[in-house]
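> Structure in structure tokens, see below.
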Amino acid sequence: MELAAFFPNNNFSLIGVILALPLIGAFINGVWGARLGKPAVRLMALSSVGLSFIASLFAFCALHRASEALGHGEHQGAARLSWLAWEWMHTNGGQFLQTVPVELKFSIDALSGVMMLVVTGVGFLIHLYATSYMANDPGFARFFAYLNLFVFSMLVLILGDNLPVLFIGWEGVGLCSYLLIGFWFDKTENASAGKKAFIANRIGDFGLLCAMFLLASSTGALDWAGIARGAVSLVNPSEGAQIHIWPIANAHYTGWLQFLQPTHPITITAATAVGLALLLGCTGKSAQLPLYVWLPDAMAGPTPVSALIHAATMVTAGVYLICRLSFVFVLSPAVMALVACIGIATALLAASIALVQNDIKKVLAYSTVSQLGFMFLGVGVGAFVAGFFHVFTHAFFKACLFLGAGSVIHAMHSRVHDDVASQDMRNMGGLRKYMPITFWTFVAATAAIIGFPFTSGFFSKDEILFKAFVNHSVSPYKTELAARGVEVWEAPTWFGPMLYTLGVIAATMTAFYMVRALVLTFFGEFRGWSIGRASEAQHGHDLESAEKAGHVHGHGHVHGSEAHDDLTLPGDAPHESPWAITLPLVVLGAAALFAGVLNMAPFHFEPLGHWLDPVFEQALHGSVELRGGAEHAEALMWPLAGGGVAAFFVGTALAYWVYVMRNGEPAHRLATALPRVYRFLVDKWRVDEFYNATIIATTEALATMANAFDKWVVDGILAKLTALIVAGFGSFLRAFQNGVVNTYAAFMVVGGAAIGWFMIVPHPEVVIKAEGAAQMVEATTGPGYTYRWDADGDGLIDDEQFSDRSKVTVQVEPGAKKTIRLEVKNAFGITRSKEIQIAGPDAPAVQMGLANAAQ
Amino acid sequence: MLLMFALSPFLVLGGGALLLMLAEVFSRRPSGLAIGTTIVFITSGAFSVALWLYGIEFLPVGILSPWILVDKFTLFFNVLLCLGGALASLLAGGYLVEYKLNRGEFYSILLFATFGGMMLASAGDFLTLFLGLETMSLGAYALTAFRRASPRSAEGALKYFLLGSFAAAIMLYGIALVYGATGSTDLARVGAAFSHGVVTSHPMALIGLVLIVIGLLFKVSAVPFHMWTPDAYEGAPTPATAYMAVVVKSAAFAMMLRVLLTSFGDAESMSWSAGWPPALAAIAVLTMTVANLIAGRQDSVKRMLAYSSIAHAGYLLVGVVVALRSKEQAAAGVIFYLATYTVSTIGAFGALILLGSYGKEAVSYDDLAGVGKRHPAIAMAFSLFLFSLAGVPPTAGFFGKWFIFRAAMDSGFYWLTILAFINSVIGAYYYLRVLVFMYMREPQPGAAIAVPMQSRHVKAALLLSAVFVLALGLAPTCTLDAAIAAATTFRM
């Protein structure tokens, strides 16, 4: 492959192709989509992402070659293909008119290369799926325009070589997510779900922006290489480099505010501040505590969107960012511990909620939040490869699960014609018979997520749990800082085992709720017949709303007409989906089972790990200690994997016992025995209610106040007043524009006379410069000026003749004052004079005596 | 032959104008003239680019000096004026047909006036300078009066002509005085005489300077020499208005830079306490403030754009004042600003033309109500040009303002910069007001609404301007480098 000849590593313009294709697709579908017709839109959408995937494959091969060329030496640098698209505000012309260029630069390295393949590859499969799933939607072109735009934004996020470019993509995916969650915006709850996602993300974006400012001021760079070089300065323990938490901006409180003044200002290192700010950004995008609330609501969007954006790609952006800036996070063990804590807490919380949900997409949504928690746990304990590996495997199995759920909903919908009922697992059951392909792929993906031994999820989750147990984060500059008397916080020894135990519990719950979902959906007898009858009364209405909402009817003509013809019939049975839906399922299901071979840590076969090593080399240098040493950790690998396997067995067995052997009866009993706990879980820990009562209520109160201020003070007084003044002046000046040419000429004459007067009358002005004890007084030049002075301050002109002596030196005693006099004569013989008072060196020079005396 | 090559931009334009005049006599389809004129402009501009790339140092331009100076400054302005002329003739191609004014002489006048403008930008001697000035001005008077049937047009043209002759006479008198004092009409020699203190022995040279400055300020329509502008701009057919606002003004600024920086660029004439820079600074503040305040009170969008062009002259004068510290930086900033101003202003006038048709013209703000919904593409283009005029990134106008204001800050003119900033804010008010009407107002029931004309010429001009506005805003590097190279003419 002679690709390298066309695309050198430092100007790898193929990135432009990878990025441009989805953008072109989005543009064409967005602008002309409605006129092009569905086949053309489908072709455009699929080909743009598909070709982007192929280009990504080429790029990945080129990256592989580039890293081969670097060799596998001990100090192998990370291979990187970069492309400077364009520098905004860049000048190279002269010594002036220069600006700081804004670099729009992209790069592919080991980490972004893998992400790029996942985004375009999984993205293509989901596009293919959506062409069938959305086939009957009136907003077909709009949907694919958004979806292509999302792929573009996600690629910008991944491939950006600096934080500002990443931020463009970060905002872009947020926007697309908003647009797609509210895709069926004629329903209020969809629109508000979109808003909720956007606002929760904005809170995170605030953190990311803060991090950018902090990084720019502390490390002086925003590109990855620059931040990596300057990262050391983030742990600078000196007073000036610390971030002051309190008092804010280093203010000093006195008087009755004295009590606010602490004896020692509370400071944290820049590394901790940056880490916290970045973490806030990541929790927003990756749906972690405390900002996870938007993701379950985001299921209001079409199912392919849930699969692509809210499971496989966008929500992993936070994990990606932590991996990308791993060398910043490891500088603060406290932040690392916080990342891990947030991860495990989210994993447990979301898993517990998922236990009791009945909506199949809600189960998967909470499962996604929970799995993202596992990823955070992984990166939080310094197992960046493991965390990223879980991103990778999760993309496959969760996309497969969502698409499978979409296929089920699609089938159910053609049967029950109700948006809510068709997603309720209590109405499903027995679908195994009707939809075998969907069933088997769902089984494969479920096996992966619950950690069935040797599936992809088993390897990735167990590695996270293992690393959580053995890893111990320390500051990489521990010894240097200790030498300067600075102690860095470290996690206690029980921290790792605790994370491991909680992780196993979360994994057990995962196994339980996923098997529950599988059993309720696919096993037993189909329970949807009764729903079909129960909803007959409102059948027509539902059908209408369903069609309006755009749900696909697959072979819609059959069901639609039948349902209308004879409402008493239950309709036909659920059926398998067309190939465009099942093919992505099969591919993703296979990947879910077998992608684990890329990183089988227990078998010491870790190609992905080795591939990613250069990326995390700097981060892992001295920042992670293995509990009990490497030997000990090695020995623990299989025993600790046992915990994960046990979680799988216990969870699966329990779910099997409850839902297959006892047909859900123990669950009912438990729910009735502990009604309050059950309600608490069904109400999702009442987190939304809590936020409503606290943060949102406060914000609304503030907004009301701000609104009143804006209405009465800003609009009422300030705006009206200034507008009135400006308008008044305008009207006044306009009056002179009276259309009479005499007036115009008169103004010209007045203007010309003013200029003439200004230039014909001399202007005695001086500039005073101190030169030691003496002061130099220099008269400003003018056309044809000559000067004479009274420099000694005796009131008499020194020299009667005007000369071109424009400077005099004046000696003034300290503290004393002296008045000197300058007379200027110009070519017309007009003279003007000026008295200048000069103070001694102590007092500042004051100009006085502006009285002009004409001669 | 090389000499012919050096003069090719002029020859193409002059020859093309003559050819088109002949063609007009014998042709029955005057609609082709607009395209023909555009081609002549583009060819002339292309020759200027070719000269630039060929390298002026290889051309035997010495024998033309000082009558015609073929340097990078000249070439840059040739391209800029030809661009403005080409866009204006495209606008005319749509406008004149729509309003049944399609007489071929419009295009010939356009070409000859631009010829005069190019001469003005390249003249190194007061004689050729004045010839160019009059060639351009006479064309502009004729263009203003082109709507013969309209009393406003005739009135505007007459006012323009009267005051213009007045100003030309003042300037000519100034030139005569300077010639009398220095014994030369060569700009460079006058400059040498001034730096050797000619004012001391011949005070009338100073009066000459004052009169020339007044003439220059009239041509760039600075307050208080601006009062003809709104009337002439409003009376003229809109393409002619756009042409005057852009090409005539650019050529006048070229002349101003050339004259002030070459002839009166000595330390004494540029003294901050007594020279022309403080006078110009005061005029700049006056121009910006008065024009912006009055523009905010206009009901007619065309008249608002006329005042806006006066306000822009104020910003440009700020750029000229920077010459006090660095002539090169001043020239570069002004040149670049003119490039951004040209494309934005032509675009804004073009959008206004496109929005109206015969009997249903878009004139007042009310005519524009609801246009954003009825004609989203034109409204979007109009908004783009207005954003650029207001200086909103990432459009061209932002960088134009950015470089001038930064140059002023670098030179220590903090008050001037602050006043210019405040004026930009006032300016944003009336530009955004157009957007408010286009997007947030609905037309009164029964009120006459503007109906867009169908013209490929105007659409092409709009598209070109929009591309330039975005290109200059997103990738200003190339043009900026060219402007900086053009400004090296004034390197000391």
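Chain lettering (A, B, ...) mirrors the order of the structure tokens, residue numbering begins at 1 for each chain separately, and ligand numbering begins at 1 in order of display.
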Which residues of chain B are close to chain A, meaning at most 6 Å apart when you count only C-alpha atoms, and how do they look as a PyMOL selection string?
chain B and resi 199-200+203+210+224-225+227+268-269+271+274+293-294+297+477+481
> Just want the 9 Å neighbourhood of Gly496 in chain A, counted on only C-alpha atoms, with same-chain residues fewer than 2 positions away dropped. Output as a PyMOL selection string.
chain A and resi 381+467-472+491-494+498-501+627
> Give me the residues near range 436-446 of chain B as a list in words, where near means some atom within 6 Å (using only C-alpha atoms) and where sequence neighbours in that chain fewer than 2 positions away do not count.
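Contacts, with the query itself left out: Leu368, Ala369, Gly370, Val371, Gly372, Arg433 and Val434 of chain B.
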> Go through A:His252, A:Lys196, A:Arg324, A:Lys361 one by one, measure the shortest atom-to-atom distance of each to Ile158 in chain A using only C-alpha atoms, and give the residue with the smallest value.
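Nearest to Ile158 in chain A: A:Arg324.
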> What are the DSSP helix (DSSP H, G or I) residues of range 62-224 of chain A, as number ranges by chain?
A: 62-70, 110-133, 140-159, 163-181, 188-219, 224
> Pick out the residues sitting within 12 Å of Pro296 in chain A, and hand them over as number ranges by chain; count only C-alpha atoms, and ignore anything fewer than 4 positions along from it in its own chain.
A: 181, 190, 193-194, 196-197, 287-288, 291-292, 300-301, 306, 310-311, 350, 353-354, 357, 359-370, 684, 688
> How about saving the chosen residues, N, CA and C atoms kept, as a compact mmCIF listing (two decimals), in the first residue's frame?

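The file below, result.txt, is the result:
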# COMPACT_ATOMS: atom_id res chain seq x y z
N ILE A 181 -33.18 13.59 20.26
CA ILE A 181 -34.07 13.19 21.36
C ILE A 181 -35.43 13.81 21.12
N ASN A 190 -41.20 14.59 24.66
CA ASN A 190 -39.99 14.40 23.87
C ASN A 190 -39.18 15.69 23.83
N ALA A 193 -37.58 16.26 27.12
CA ALA A 193 -36.45 15.35 27.33
C ALA A 193 -35.21 15.87 26.61
N GLY A 194 -35.43 16.40 25.41
CA GLY A 194 -34.31 16.98 24.67
C GLY A 194 -33.71 18.15 25.42
N LYS A 196 -33.86 18.70 28.59
CA LYS A 196 -33.21 18.23 29.82
C LYS A 196 -31.79 17.75 29.51
N ALA A 197 -31.68 16.98 28.42
CA ALA A 197 -30.36 16.49 28.03
C ALA A 197 -29.43 17.65 27.74
N ALA A 287 -23.12 10.87 31.42
CA ALA A 287 -24.26 10.51 32.25
C ALA A 287 -23.84 9.82 33.55
N GLN A 288 -22.99 10.48 34.32
CA GLN A 288 -22.61 9.95 35.63
C GLN A 288 -23.26 10.81 36.71
N LEU A 291 -25.07 14.07 37.17
CA LEU A 291 -25.74 14.62 35.98
C LEU A 291 -26.30 13.53 35.07
N TYR A 292 -26.52 12.33 35.63
CA TYR A 292 -26.93 11.22 34.75
C TYR A 292 -28.39 11.31 34.34
N ALA A 300 -36.59 8.97 24.71
CA ALA A 300 -37.72 9.47 23.94
C ALA A 300 -37.39 9.54 22.46
N GLY A 301 -36.11 9.56 22.14
CA GLY A 301 -35.72 9.62 20.73
C GLY A 301 -35.96 8.30 20.04
N SER A 306 -30.96 6.07 20.21
CA SER A 306 -30.55 5.56 21.51
C SER A 306 -29.34 4.67 21.36
N HIS A 310 -26.77 7.39 22.50
CA HIS A 310 -26.91 7.27 23.94
C HIS A 310 -26.47 5.91 24.45
N ALA A 311 -25.75 5.16 23.64
CA ALA A 311 -25.18 3.91 24.12
C ALA A 311 -23.77 3.71 23.59
N ALA A 350 -27.65 3.00 39.20
CA ALA A 350 -28.39 2.75 37.96
C ALA A 350 -28.82 1.29 37.89
N ILE A 353 -31.90 0.70 39.90
CA ILE A 353 -33.12 1.20 39.27
C ILE A 353 -33.54 0.27 38.14
N ALA A 354 -32.53 -0.23 37.42
CA ALA A 354 -32.84 -1.09 36.27
C ALA A 354 -33.54 -2.36 36.70
N GLN A 357 -37.47 -1.74 36.37
CA GLN A 357 -38.12 -1.06 35.26
C GLN A 357 -38.85 -2.06 34.37
N ASP A 359 -40.18 -0.86 31.20
CA ASP A 359 -39.97 -0.39 29.83
C ASP A 359 -38.62 -0.92 29.36
N ILE A 360 -38.62 -1.64 28.24
CA ILE A 360 -37.38 -2.32 27.82
C ILE A 360 -36.28 -1.31 27.53
N LYS A 361 -36.66 -0.13 26.97
CA LYS A 361 -35.62 0.87 26.68
C LYS A 361 -35.10 1.51 27.96
N LYS A 362 -35.97 1.64 28.96
CA LYS A 362 -35.51 2.20 30.24
C LYS A 362 -34.51 1.28 30.90
N VAL A 363 -34.79 -0.05 30.84
CA VAL A 363 -33.84 -1.00 31.40
C VAL A 363 -32.49 -0.83 30.74
N LEU A 364 -32.52 -0.74 29.42
CA LEU A 364 -31.25 -0.61 28.70
C LEU A 364 -30.60 0.73 29.00
N ALA A 365 -31.42 1.77 29.16
CA ALA A 365 -30.85 3.09 29.46
C ALA A 365 -30.12 3.07 30.79
N TYR A 366 -30.78 2.52 31.83
CA TYR A 366 -30.11 2.47 33.13
C TYR A 366 -28.93 1.53 33.08
N SER A 367 -29.06 0.48 32.28
CA SER A 367 -27.91 -0.41 32.13
C SER A 367 -26.74 0.34 31.50
N THR A 368 -27.05 1.24 30.55
CA THR A 368 -25.97 2.03 29.95
C THR A 368 -25.31 2.92 30.99
N VAL A 369 -26.14 3.59 31.79
CA VAL A 369 -25.57 4.44 32.84
C VAL A 369 -24.68 3.61 33.75
N SER A 370 -25.17 2.42 34.09
CA SER A 370 -24.42 1.55 34.99
C SER A 370 -23.10 1.11 34.35
N LYS A 684 -37.04 5.76 40.70
CA LYS A 684 -35.64 6.10 40.35
C LYS A 684 -34.95 6.90 41.45
N ASP A 688 -34.92 12.91 40.36
CA ASP A 688 -35.50 14.01 39.59
C ASP A 688 -36.29 14.95 40.48
